[in-house]
Amino acid sequence: MTQRKRKLVGTVALLLLIAGYAVLAVAVAVVLQVRNVSKAAELVYYVVAGLLWVLPAGWLISWMQRPDA
């Protein structure tokens, strides 16, 4: 696959990843009833959940940037 095609596929996948992850993070927060715990625990959850998507996104971006073989 050429780099140009990988960038197209990766961009679409990244948008789907972010949208799906946001829905999943909110669903987990509702199931765990994060709102009913202390403000500190709620803050920790949202900070961790807000940064966790960076790991798969970083892998995806590095895959998109690979030079053509």
# chains A, B, ... in the order shown; residues from 1 in each chain; ligands from 1
$ residues_around --residues "Met1 of chain A" --least-positions-apart "3" --cutoff "10 Å" --atoms "only C-alpha atoms" --output "PDB file with N, CA and C atoms, in the first residue's frame"
ATOM      1  N   ARG A   4       0.364   7.347   0.410  1.00  0.00           N
ATOM      2  CA  ARG A   4      -0.815   8.179   0.182  1.00  0.00           C
ATOM      3  C   ARG A   4      -2.099   7.435   0.572  1.00  0.00           C
ATOM      4  N   LYS A   5      -2.197   6.160   0.190  1.00  0.00           N
ATOM      5  CA  LYS A   5      -3.372   5.358   0.548  1.00  0.00           C
ATOM      6  C   LYS A   5      -3.412   5.087   2.045  1.00  0.00           C
ATOM      7  N   ARG A   6      -2.233   4.825   2.650  1.00  0.00           N
ATOM      8  CA  ARG A   6      -2.186   4.610   4.097  1.00  0.00           C
ATOM      9  C   ARG A   6      -2.655   5.845   4.849  1.00  0.00           C
ATOM     10  N   ASP A  68       7.205   4.353   1.517  1.00  0.00           N
ATOM     11  CA  ASP A  68       6.861   3.283   0.591  1.00  0.00           C
ATOM     12  C   ASP A  68       8.034   2.316   0.472  1.00  0.00           C
ATOM     13  N   ALA A  69       7.711   1.035   0.379  1.00  0.00           N
ATOM     14  CA  ALA A  69       8.767   0.026   0.278  1.00  0.00           C
ATOM     15  C   ALA A  69       9.117  -0.262  -1.161  1.00  0.00           C
TER      16      ALA A  69
END
$ residues_around --residues "segment 44-58 of chain A" --least-positions-apart "2" --cutoff "7 Å" --atoms "only C-alpha atoms" --output "ChimeraX atom specification"
/A:14,21,25,40-42,60-62
$ atom_distance --atom1 "atom CA of Trp59 of chain A" --atom2 "atom CA of Ala29 of chain A"
25.3 Å
$ atom_distance --atom1 "atom CA of Gln65 of chain A" --atom2 "atom CA of Ala13 of chain A"
14.2 Å
$ atom_distance --atom1 "atom CA of Trp63 of chain A" --atom2 "atom CA of Leu8 of chain A"
11.7 Å
